[in-house]
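Participant: Pasting data-v1.cif here (mmCIF, C-alpha atoms and all ligand atoms):
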```cif
data_work
loop_
_atom_site.label_atom_id
_atom_site.label_comp_id
_atom_site.auth_asym_id
_atom_site.auth_seq_id
_atom_site.Cartn_x
_atom_site.Cartn_y
_atom_site.Cartn_z
CA MET A 26 81.59 343.07 79.36
CA LYS A 27 78.91 342.21 76.77
CA THR A 28 77.18 338.95 75.94
CA LYS A 29 74.28 337.81 73.82
CA ILE A 30 72.64 335.74 76.61
CA ALA A 31 73.14 336.06 80.36
CA VAL A 32 71.80 333.24 82.53
CA ILE A 33 71.31 334.11 86.21
CA GLY A 34 71.58 330.95 88.28
CA ALA A 35 73.22 327.58 87.71
CA GLY A 36 70.62 325.50 89.49
CA LEU A 37 68.76 322.63 87.86
CA GLY A 38 66.93 324.86 85.37
CA GLY A 39 69.99 326.98 84.55
CA LEU A 40 72.12 323.88 83.91
CA SER A 41 69.46 322.28 81.76
CA LEU A 42 69.17 325.52 79.76
CA LEU A 43 72.93 325.59 79.17
CA LYS A 44 72.91 321.96 78.00
CA THR A 45 70.19 322.77 75.47
CA LEU A 46 71.91 325.98 74.33
CA GLU A 47 75.03 323.87 73.75
CA LYS A 48 73.06 321.54 71.48
CA ILE A 49 71.72 324.40 69.39
CA GLY A 50 75.04 326.21 69.22
CA LEU A 51 74.33 329.17 71.49
CA ALA A 52 76.43 328.27 74.53
CA LYS A 53 79.49 330.12 73.26
CA GLU A 54 77.46 333.31 73.24
CA THR A 55 76.19 332.77 76.77
CA ILE A 56 77.51 333.69 80.21
CA LEU A 57 76.33 331.66 83.21
CA ILE A 58 76.43 333.47 86.55
CA ASP A 59 76.16 331.89 90.00
CA PRO A 60 77.64 332.73 93.41
CA LYS A 61 78.84 329.12 93.70
CA ASP A 62 81.59 327.59 91.59
CA TYR A 63 79.83 324.23 91.45
CA GLY A 64 76.59 322.70 90.23
CA GLU A 65 74.65 320.40 92.52
CA VAL A 66 71.66 318.10 92.22
CA SER A 67 69.41 319.29 95.04
CA PHE A 68 67.30 316.10 94.93
CA ALA A 69 70.27 314.12 96.18
CA VAL A 70 71.69 316.40 98.86
CA LEU A 71 69.70 314.93 101.77
CA ARG A 72 70.86 311.36 101.17
CA SER A 73 74.40 312.46 100.39
CA PHE A 74 74.84 314.07 103.80
CA VAL A 75 72.66 311.79 105.94
CA THR A 76 74.22 308.57 104.65
CA PRO A 77 77.32 309.37 102.59
CA GLU A 78 78.57 305.81 103.14
CA THR A 79 75.53 304.31 101.40
CA PHE A 80 75.43 306.91 98.63
CA PRO A 81 78.91 307.51 97.28
CA THR A 82 77.56 309.18 94.10
CA LYS A 83 79.01 312.64 93.60
CA VAL A 84 76.12 315.11 93.82
CA ARG A 85 78.12 318.20 92.84
CA LYS A 86 80.80 319.08 90.34
CA PRO A 87 82.72 322.24 89.32
CA LEU A 88 80.53 324.25 86.94
CA LYS A 89 83.38 324.41 84.47
CA GLU A 90 83.18 320.62 84.14
CA ILE A 91 79.43 320.70 83.50
CA VAL A 92 79.00 323.45 80.92
CA THR A 93 81.05 324.80 78.02
CA SER A 94 79.88 328.42 78.24
CA GLU A 95 81.74 331.13 80.09
CA VAL A 96 81.03 330.91 83.82
CA ILE A 97 81.24 333.81 86.25
CA GLN A 98 81.25 333.10 89.95
CA GLY A 99 79.32 336.04 91.35
CA LYS A 100 76.02 337.16 92.74
CA VAL A 101 73.74 339.37 90.66
CA GLU A 102 72.97 342.40 92.78
CA GLU A 103 70.79 344.31 90.31
CA LEU A 104 69.13 343.35 87.07
CA ASN A 105 68.17 346.01 84.56
CA GLU A 106 66.54 345.65 81.15
CA HIS A 107 69.82 345.28 79.24
CA SER A 108 72.52 344.93 81.87
CA LEU A 109 73.18 343.44 85.25
CA ILE A 110 75.43 344.43 88.11
CA LEU A 111 77.34 341.89 90.16
CA GLU A 112 78.00 342.19 93.88
CA ASP A 113 81.64 343.17 93.18
CA GLY A 114 80.50 346.02 90.90
CA ARG A 115 81.17 344.34 87.54
CA ILE A 116 78.61 345.17 84.87
CA ILE A 117 77.50 342.73 82.18
CA ASP A 118 75.51 344.01 79.22
CA PHE A 119 73.31 341.49 77.44
CA GLU A 120 70.84 341.19 74.62
CA TYR A 121 68.78 338.53 76.39
CA ALA A 122 68.75 337.36 80.00
CA VAL A 123 67.20 334.29 81.57
CA ILE A 124 66.37 334.52 85.27
CA ALA A 125 66.90 331.08 86.81
CA SER A 126 67.69 332.15 90.36
CA GLY A 127 65.27 329.67 91.96
CA SER A 128 64.77 329.34 95.66
CA SER A 129 66.21 328.25 98.95
CA ILE A 130 64.46 326.32 101.70
CA ASN A 131 62.91 328.47 104.38
CA GLY A 132 64.49 327.41 107.69
CA PHE A 133 67.07 325.08 106.08
CA GLU A 134 69.16 327.51 104.05
CA ASN A 135 72.14 325.15 104.07
CA LEU A 136 70.24 322.69 101.89
CA LYS A 137 70.17 324.95 98.81
CA PRO A 138 72.53 327.83 99.52
CA SER A 139 72.62 330.78 97.15
CA GLU A 140 75.56 332.65 98.65
CA SER A 141 79.16 332.69 97.46
CA LEU A 142 80.56 329.22 98.10
CA SER A 143 83.31 327.01 96.72
CA LEU A 144 82.97 323.29 96.14
CA GLU A 145 85.50 322.61 98.91
CA GLN A 146 83.61 324.78 101.42
CA ARG A 147 80.34 323.12 100.47
CA GLU A 148 81.74 319.63 100.99
CA TYR A 149 83.20 320.66 104.32
CA ASN A 150 79.85 322.15 105.44
CA MET A 151 77.97 319.03 104.47
CA GLY A 152 80.50 316.90 106.38
CA VAL A 153 79.64 318.96 109.47
CA GLU A 154 75.95 318.27 108.82
CA THR A 155 76.65 314.51 108.54
CA LYS A 156 78.32 314.56 111.95
CA LYS A 157 75.42 316.48 113.50
CA VAL A 158 72.96 313.82 112.34
CA HIS A 159 75.27 311.05 113.43
CA ASP A 160 75.71 312.49 116.94
CA ALA A 161 72.09 313.47 117.65
CA LYS A 162 69.86 311.11 119.59
CA LYS A 163 66.65 313.12 119.33
CA ILE A 164 65.87 314.82 116.02
CA LEU A 165 62.93 317.12 115.44
CA ILE A 166 61.87 317.91 111.87
CA ILE A 167 59.43 320.78 111.46
CA GLY A 168 57.52 320.85 108.18
CA GLY A 169 55.80 317.91 106.50
CA GLY A 170 56.27 318.89 102.87
CA PRO A 171 58.51 316.93 100.47
CA VAL A 172 61.78 318.01 102.12
CA GLY A 173 60.71 317.22 105.71
CA VAL A 174 59.24 313.89 104.65
CA GLU A 175 62.30 312.84 102.62
CA LEU A 176 64.66 313.91 105.41
CA ALA A 177 62.73 311.91 108.03
CA GLY A 178 62.83 308.87 105.72
CA GLU A 179 66.57 309.17 105.07
CA ILE A 180 67.44 309.40 108.76
CA ALA A 181 65.01 306.72 109.95
CA ASP A 182 66.14 304.28 107.27
CA ASN A 183 69.78 304.56 108.22
CA TYR A 184 69.65 305.01 111.99
CA LYS A 185 67.50 302.66 113.99
CA ASN A 186 68.49 304.12 117.38
CA LYS A 187 67.31 307.71 117.00
CA GLU A 188 64.12 309.30 118.19
CA ILE A 189 62.77 311.17 115.15
CA THR A 190 59.70 313.39 115.35
CA LEU A 191 58.16 315.01 112.26
CA VAL A 192 55.71 317.80 113.05
CA THR A 193 53.60 319.63 110.51
CA GLY A 194 51.04 322.44 110.68
CA PRO A 195 48.47 321.18 108.15
CA ASN A 196 46.26 318.19 108.92
CA ARG A 197 48.36 315.86 106.77
CA LEU A 198 51.79 315.33 105.26
CA LEU A 199 52.54 316.33 101.64
CA ASN A 200 49.55 318.61 101.31
CA SER A 201 50.60 319.75 97.83
CA LEU A 202 50.00 316.17 96.61
CA SER A 203 46.92 313.92 96.81
CA PRO A 204 45.50 312.92 100.23
CA GLY A 205 46.52 309.31 99.43
CA ALA A 206 50.15 310.38 99.07
CA GLY A 207 50.07 312.05 102.48
CA LYS A 208 48.46 309.00 104.06
CA LYS A 209 51.05 306.67 102.61
CA ALA A 210 53.94 308.90 103.72
CA LYS A 211 52.60 308.88 107.28
CA LYS A 212 52.11 305.11 107.28
CA VAL A 213 55.55 304.28 105.91
CA LEU A 214 57.38 306.77 108.15
CA THR A 215 55.50 305.53 111.21
CA THR A 216 56.49 301.96 110.36
CA MET A 217 60.08 303.15 110.17
CA GLY A 218 59.79 304.50 113.71
CA VAL A 219 59.18 308.19 112.99
CA LYS A 220 56.65 309.89 115.25
CA VAL A 221 54.44 311.92 112.89
CA LEU A 222 52.31 314.74 114.31
CA THR A 223 49.94 316.83 112.19
CA ASN A 224 47.92 319.98 112.99
CA GLN A 225 50.74 321.35 115.13
CA TYR A 226 52.30 324.76 114.55
CA LEU A 227 55.49 325.11 116.58
CA GLU A 228 57.13 328.30 117.83
CA PRO A 229 60.66 328.45 119.25
CA ILE A 230 60.88 328.91 123.01
CA GLU A 231 62.79 332.10 123.60
CA GLY A 232 66.14 331.76 125.31
CA SER A 233 66.53 328.01 124.81
CA ILE A 234 68.13 326.24 121.90
CA ASN A 235 66.27 323.50 120.05
CA SER A 236 63.12 323.83 122.16
CA TYR A 237 59.72 324.49 120.62
CA LYS A 238 56.18 324.85 121.87
CA SER A 239 52.96 324.04 120.06
CA LYS A 240 49.88 326.27 120.27
CA SER A 241 48.32 323.74 122.65
CA GLY A 242 51.32 324.07 124.95
CA GLN A 243 53.15 320.83 124.14
CA ILE A 244 56.95 321.19 124.46
CA PHE A 245 59.30 319.65 121.91
CA GLU A 246 63.00 319.35 122.68
CA ALA A 247 65.68 317.76 120.55
CA ASP A 248 69.46 317.58 120.07
CA LEU A 249 69.03 318.58 116.45
CA VAL A 250 66.23 320.46 114.72
CA TYR A 251 65.63 320.77 110.97
CA LYS A 252 63.03 323.19 109.68
CA SER A 253 61.65 323.00 106.19
CA LEU A 254 58.97 325.62 105.84
CA GLY A 255 58.50 325.96 102.11
CA ILE A 256 60.57 327.87 99.61
CA LYS A 257 62.08 331.35 99.74
CA LEU A 258 62.58 332.98 96.35
CA ASN A 259 65.94 334.41 95.28
CA ASN A 260 64.66 337.67 93.82
CA GLY A 261 66.68 340.36 95.64
CA PHE A 262 68.20 341.67 92.39
CA MET A 263 64.82 342.55 90.87
CA LYS A 264 65.02 346.20 91.82
CA ASN A 265 64.73 349.61 90.14
CA GLU A 266 64.01 348.92 86.43
CA THR A 267 62.88 345.33 87.03
CA ALA A 268 61.06 345.63 90.37
CA ARG A 269 57.76 345.92 88.48
CA TYR A 270 58.12 342.36 87.13
CA ILE A 271 57.61 340.82 90.60
CA ASN A 272 54.17 339.88 91.95
CA ASP A 273 53.09 340.16 95.58
CA ARG A 274 54.35 336.62 96.27
CA GLY A 275 57.83 337.58 95.09
CA GLN A 276 57.54 335.56 91.88
CA ILE A 277 58.48 336.83 88.42
CA LYS A 278 55.46 337.36 86.21
CA VAL A 279 55.84 335.47 82.94
CA ASP A 280 53.62 334.86 79.93
CA ALA A 281 53.06 331.49 78.27
CA ARG A 282 56.31 331.91 76.28
CA LEU A 283 58.05 332.24 79.66
CA MET A 284 58.99 335.79 78.74
CA VAL A 285 58.85 338.23 81.59
CA LYS A 286 55.52 340.01 81.16
CA GLY A 287 56.07 343.46 79.67
CA SER A 288 59.69 342.86 78.62
CA THR A 289 61.01 341.98 75.17
CA ASN A 290 64.31 340.35 76.11
CA LEU A 291 63.96 338.79 79.57
CA PHE A 292 62.86 335.22 80.26
CA ALA A 293 62.40 333.40 83.58
CA LEU A 294 62.21 329.72 84.48
CA GLY A 295 61.66 327.30 87.32
CA ASP A 296 60.86 328.03 90.96
CA ILE A 297 61.06 331.83 90.59
CA THR A 298 58.20 332.10 88.07
CA ASP A 299 54.53 332.78 88.74
CA VAL A 300 53.35 329.82 86.64
CA GLU A 301 50.57 328.13 88.64
CA GLU A 302 52.16 324.69 89.00
CA MET A 303 54.36 322.84 91.47
CA LYS A 304 57.92 324.05 91.86
CA LEU A 305 59.99 321.11 90.63
CA GLY A 306 63.30 320.46 88.93
CA ALA A 307 61.45 318.43 86.31
CA ILE A 308 59.35 321.48 85.48
CA ALA A 309 62.36 323.84 85.52
CA ASN A 310 63.82 321.46 82.88
CA MET A 311 60.73 321.80 80.70
CA HIS A 312 60.90 325.59 81.02
CA ALA A 313 64.60 325.55 80.14
CA LYS A 314 64.08 323.55 76.95
CA LEU A 315 61.25 325.79 75.83
CA ILE A 316 63.23 328.98 76.53
CA ALA A 317 66.31 327.67 74.68
CA GLY A 318 64.13 327.09 71.59
CA ASN A 319 62.48 330.48 71.94
CA LEU A 320 65.85 332.22 72.26
CA ASN A 321 67.03 330.44 69.14
CA ASN A 322 63.91 331.54 67.26
CA LEU A 323 64.26 335.13 68.40
CA ILE A 324 67.97 335.40 67.68
CA ASN A 325 67.70 333.77 64.26
CA ASN A 326 64.34 335.32 63.45
CA ILE A 327 62.62 331.99 62.78
CA GLY A 328 59.04 330.97 63.51
CA LYS A 329 56.70 331.69 66.36
CA LEU A 330 57.71 331.32 69.99
CA LYS A 331 56.50 328.14 71.75
CA GLU A 332 54.20 328.24 74.76
CA HIS A 333 54.28 326.37 78.07
CA LYS A 334 51.17 324.76 79.57
CA ALA A 335 51.09 324.68 83.38
CA MET A 336 51.60 321.12 84.66
CA PRO A 337 49.21 319.37 87.08
CA ALA A 338 50.45 318.37 90.55
CA MET A 339 53.10 315.66 90.53
CA GLY A 340 56.11 314.58 92.55
CA PHE A 341 58.50 311.75 93.35
CA ILE A 342 59.04 311.54 97.11
CA THR A 343 61.46 309.03 98.59
CA LEU A 344 60.64 307.35 101.91
CA GLY A 345 64.03 305.95 102.83
CA HIS A 346 66.22 304.15 100.32
CA LYS A 347 63.66 301.80 98.79
CA LYS A 348 60.12 303.06 99.22
CA GLY A 349 58.40 306.20 98.07
CA ILE A 350 55.57 307.91 96.30
CA ALA A 351 55.40 308.57 92.58
CA GLN A 352 52.56 310.94 91.87
CA LEU A 353 52.19 311.37 88.13
CA PRO A 354 50.00 314.10 86.63
CA PHE A 355 46.78 312.05 86.73
CA MET A 356 47.51 309.00 88.89
CA ARG A 357 49.87 307.50 91.42
CA MET A 358 52.28 304.73 90.38
CA ASP A 359 54.50 304.30 93.42
CA PRO A 360 56.70 301.49 91.98
CA MET A 361 58.06 304.17 89.63
CA ILE A 362 59.94 305.64 92.61
CA ALA A 363 62.60 303.07 91.64
CA ILE A 364 63.63 305.48 88.86
CA LYS A 365 64.46 308.18 91.42
CA GLN A 366 65.96 305.73 93.92
CA LYS A 367 68.54 304.56 91.34
CA ASP A 368 70.80 307.60 91.66
CA LEU A 369 68.36 310.36 92.69
CA PHE A 370 68.56 311.70 89.12
CA VAL A 371 72.19 312.77 89.57
CA SER A 372 73.34 311.36 86.22
CA MET A 373 70.64 313.39 84.43
CA TYR A 374 72.49 316.57 85.39
CA LEU A 375 76.10 315.65 86.14
CA LYS A 376 77.27 313.40 83.32
C1 LIG A 401 65.46 317.78 99.02
C2 LIG A 401 64.80 318.16 97.74
C3 LIG A 401 64.29 317.17 96.91
C4 LIG A 401 63.69 317.50 95.71
N1 LIG A 401 63.22 316.49 94.91
C5 LIG A 401 62.72 316.80 93.71
C6 LIG A 401 62.35 315.74 92.81
O1 LIG A 401 62.43 314.57 93.11
N2 LIG A 401 61.88 316.08 91.58
C7 LIG A 401 61.78 317.38 91.20
O2 LIG A 401 61.40 317.63 90.04
N3 LIG A 401 62.12 318.41 92.03
C8 LIG A 401 62.58 318.16 93.27
N4 LIG A 401 62.97 319.18 94.11
C9 LIG A 401 62.73 320.59 93.72
C10 LIG A 401 63.85 321.13 92.83
O3 LIG A 401 65.08 321.00 93.50
C11 LIG A 401 63.61 322.60 92.47
O4 LIG A 401 62.33 322.76 91.95
C12 LIG A 401 64.64 323.03 91.45
O5 LIG A 401 65.91 323.05 92.05
C13 LIG A 401 64.33 324.42 90.88
O6 LIG A 401 65.27 324.72 89.91
P1 LIG A 401 65.61 326.23 89.53
O7 LIG A 401 66.59 326.14 88.41
O8 LIG A 401 64.37 327.01 89.34
O9 LIG A 401 66.32 326.86 90.81
P2 LIG A 401 67.43 326.34 91.80
O10 LIG A 401 67.75 324.92 91.56
O11 LIG A 401 66.98 326.80 93.13
O12 LIG A 401 68.73 327.16 91.36
C14 LIG A 401 68.85 328.53 91.51
C15 LIG A 401 70.31 328.92 91.30
O13 LIG A 401 70.36 330.36 91.23
C16 LIG A 401 71.48 330.81 91.95
N5 LIG A 401 71.24 332.17 92.40
C17 LIG A 401 70.42 332.59 93.38
N6 LIG A 401 70.51 333.92 93.53
C18 LIG A 401 71.38 334.36 92.60
C19 LIG A 401 71.90 335.65 92.26
N7 LIG A 401 71.52 336.75 92.91
N8 LIG A 401 72.82 335.73 91.27
C20 LIG A 401 73.21 334.60 90.58
N9 LIG A 401 72.75 333.37 90.89
C21 LIG A 401 71.85 333.25 91.88
C22 LIG A 401 71.59 329.81 93.12
O14 LIG A 401 72.91 329.81 93.67
C23 LIG A 401 71.22 328.50 92.44
O15 LIG A 401 72.35 327.83 91.94
C24 LIG A 401 63.58 318.87 95.32
C25 LIG A 401 64.11 319.87 96.15
C26 LIG A 401 64.71 319.53 97.35
C27 LIG A 401 65.29 320.62 98.21
#
```
Could you show the structure in this file as structure tokens?
Facilitator:
Amino acid sequence: MKTKIAVIGAGLGGLSLLKTLEKIGLAKETILIDPKDYGEVSFAVLRSFVTPETFPTKVRKPLKEIVTSEVIQGKVEELNEHSLILEDGRIIDFEYAVIASGSSINGFENLKPSESLSLEQREYNMGVETKKVHDAKKILIIGGGPVGVELAGEIADNYKNKEITLVTGPNRLLNSLSPGAGKKAKKVLTTMGVKVLTNQYLEPIEGSINSYKSKSGQIFEADLVYKSLGIKLNNGFMKNETARYINDRGQIKVDARLMVKGSTNLFALGDITDVEEMKLGAIANMHAKLIAGNLNNLINNIGKLKEHKAMPAMGFITLGHKKGIAQLPFMRMDPMIAIKQKDLFVSMYLK
């Protein structure tokens, strides 16, 4: 099989890239590859399983209803300079490839799975997760980054009768954002009844389920434990010819044009790249738009390629259904969280 452009990964960046390629007339010459047969808005997954009754918005859709390009459900096992090999042995030759394989959440793989999965299986799995939250009386959340904080807010806002503890290793919540953002998250969550503990690194207690111990010896036990310990990059296919494009953090080295450094036909976007900026869907979108334009210029031999400038720290973090933090590049404007609260950006991706 041969294609002009192969896109590895139908996450937020991959989908945004396909939408832009459609606009410039390159989607028909593109193949989109993902182990899942659906596209999903990761921002909205927490609310959709914690409180499906208050958030009936569909957060996932069959890929074939989102994009017009050819879609292959499969996992890329090996990427070479001009071809890729799928897990089932199929080979796809390409002129250009865009690596958009993103990340999963360390400790909470079910939140952003990257294994073969159908839409039906995914919805079933998330139904199981809903029941777990519903049935648990004591919930322990380990990790005070954006995912842990949003999850604590979603549960506390909907269930007033649960004992929720959020424990984090650093000395504050949201330590990738400003100290003020972390302070506010702690204050709002505490008001909602969440017990927030900082400076605590927990280790599982061997032989018992859902029991953890801090370095100072404090024991934490719960009916349900969620861990959210940062991101884990989906880079397993960067082997042999392309292994040299990975840095020691597992990221793909790109230049300002978002071309893989040292290659002439590979691009990378979003969470998987080594661009020194926060790993966000909003930024994956920016990368996608820039790469679509650069592909168009390369293929049609027009103009110079555009360059991406690393973005300063920013983030929209919900704290339950109404409150939240909106950290813009140079200031905080928390009332702007209303934009995210509307539909958690689902309509931006799944029209
Ligand atoms: C709960 C939560 C809330 C968030 N809130 C926000 C927010 O408000 N604003 C914001 O900007 N960002 C937010 N983010 C971060 C955002 O989701 C990520 O930055 C974004 O998803 C990254 O996009 P991506 O395209 O790089 O990769 P991903 O979205 O991770 O997509 C990668 C895709 O690649 C596929 N893939 C993986 N391996 C392979 C393979 N071997 N072969 C083929 N395909 C493969 C995966 O199946 C997946 O579909 C949030 C994340 C979470 C978890």
Participant: Pick out the residues sitting within 9 Å of A:Thr190, and hand them over as a VMD selection string; count all atoms listed in the file, and ignore anything fewer than 6 positions along from it in its own chain.
Facilitator: chain A and resid 163 to 167 177 219 to 222
Participant: Every residue with an atom at most 10 Å from (56.9, 305.6, 91.4) (file coordinates; all atoms listed in the file) is what I'm after, so could you write them as number ranges by chain?
Facilitator: A: 340-343, 348-353, 357-366
Participant: Hey, which residues come within 7 Å of ligand LIG 401 (chain A) if we count all atoms listed in the file? Could you give them as number ranges by chain?
Facilitator: A: 33-39, 58-61, 64, 67-71, 99-102, 125-130, 136-140, 171-172, 175, 259-262, 294-297, 304-309, 340-342, 365
Participant: Would you mind reading off the distance between atom CA of A:Asn322 and atom CA of A:Leu111, one decimal, in Å?
Facilitator: 28.5 Å
Participant: Using all atoms listed in the file, find the one residue out of A:Glu228, A:Asp118, A:Glu78, A:Glu301 that sits nearest to A:Val32.
Facilitator: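 The shortest atom-to-atom distance to A:Val32 comes from A:Asp118.
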Participant: Can you pull out every residue within 10 Å of stretch 234-251 of chain A, counting all atoms listed in the file, but drop anything in the same chain fewer than 2 positions away, and send it as a PyMOL selection string?
Facilitator: chain A and resi 132-133+157-158+160-168+173+176-177+188-192+194+224-232+253-254
Participant: Any chance you could model N, CA and C atoms for stretch 182-206 of chain A and send them as a CSV table (one decimal), keeping the file's coordinate frame?
Facilitator:
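And here is the file that came out, part-v4.csv:
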```
chain,number,residue,atom,x,y,z
A,182,ASP,N,65.7,305.5,108.0
A,182,ASP,CA,66.1,304.3,107.3
A,182,ASP,C,67.6,303.9,107.6
A,183,ASN,N,68.4,304.9,108.0
A,183,ASN,CA,69.8,304.6,108.2
A,183,ASN,C,70.1,304.4,109.7
A,184,TYR,N,69.4,305.1,110.5
A,184,TYR,CA,69.6,305.0,112.0
A,184,TYR,C,68.4,304.4,112.7
A,185,LYS,N,68.6,303.3,113.3
A,185,LYS,CA,67.5,302.7,114.0
A,185,LYS,C,67.4,303.1,115.5
A,186,ASN,N,68.4,303.8,115.9
A,186,ASN,CA,68.5,304.1,117.4
A,186,ASN,C,68.2,305.6,117.7
A,187,LYS,N,67.6,306.3,116.7
A,187,LYS,CA,67.3,307.7,117.0
A,187,LYS,C,65.8,307.9,117.2
A,188,GLU,N,65.5,308.9,118.0
A,188,GLU,CA,64.1,309.3,118.2
A,188,GLU,C,63.8,310.4,117.2
A,189,ILE,N,63.0,310.2,116.2
A,189,ILE,CA,62.8,311.2,115.2
A,189,ILE,C,61.3,311.6,115.2
A,190,THR,N,61.1,312.9,115.3
A,190,THR,CA,59.7,313.4,115.4
A,190,THR,C,59.5,314.3,114.2
A,191,LEU,N,58.5,314.1,113.4
A,191,LEU,CA,58.2,315.0,112.3
A,191,LEU,C,56.8,315.7,112.6
A,192,VAL,N,56.9,317.0,112.7
A,192,VAL,CA,55.7,317.8,113.0
A,192,VAL,C,55.3,318.7,111.9
A,193,THR,N,54.0,318.8,111.6
A,193,THR,CA,53.6,319.6,110.5
A,193,THR,C,52.3,320.4,110.9
A,194,GLY,N,52.2,321.6,110.3
A,194,GLY,CA,51.0,322.4,110.7
A,194,GLY,C,49.7,322.0,110.1
A,195,PRO,N,49.7,321.6,108.8
A,195,PRO,CA,48.5,321.2,108.2
A,195,PRO,C,48.0,319.8,108.8
A,196,ASN,N,46.8,319.4,108.3
A,196,ASN,CA,46.3,318.2,108.9
A,196,ASN,C,46.8,316.9,108.3
A,197,ARG,N,47.7,317.1,107.4
A,197,ARG,CA,48.4,315.9,106.8
A,197,ARG,C,49.7,316.2,106.2
A,198,LEU,N,50.5,315.1,105.9
A,198,LEU,CA,51.8,315.3,105.3
A,198,LEU,C,51.6,315.6,103.8
A,199,LEU,N,52.5,316.1,103.1
A,199,LEU,CA,52.5,316.3,101.6
A,199,LEU,C,51.3,317.0,101.1
A,200,ASN,N,50.9,318.1,101.7
A,200,ASN,CA,49.6,318.6,101.3
A,200,ASN,C,49.5,319.3,99.9
A,201,SER,N,50.7,319.3,99.2
A,201,SER,CA,50.6,319.8,97.8
A,201,SER,C,50.3,318.6,96.9
A,202,LEU,N,50.3,317.4,97.4
A,202,LEU,CA,50.0,316.2,96.6
A,202,LEU,C,48.7,315.6,97.1
A,203,SER,N,48.3,314.5,96.5
A,203,SER,CA,46.9,313.9,96.8
A,203,SER,C,46.9,313.4,98.3
A,204,PRO,N,45.6,313.4,98.9
A,204,PRO,CA,45.5,312.9,100.2
A,204,PRO,C,46.1,311.5,100.4
A,205,GLY,N,46.0,310.7,99.4
A,205,GLY,CA,46.5,309.3,99.4
A,205,GLY,C,48.0,309.3,99.6
A,206,ALA,N,48.7,310.3,99.0
A,206,ALA,CA,50.2,310.4,99.1
A,206,ALA,C,50.5,310.7,100.5
```
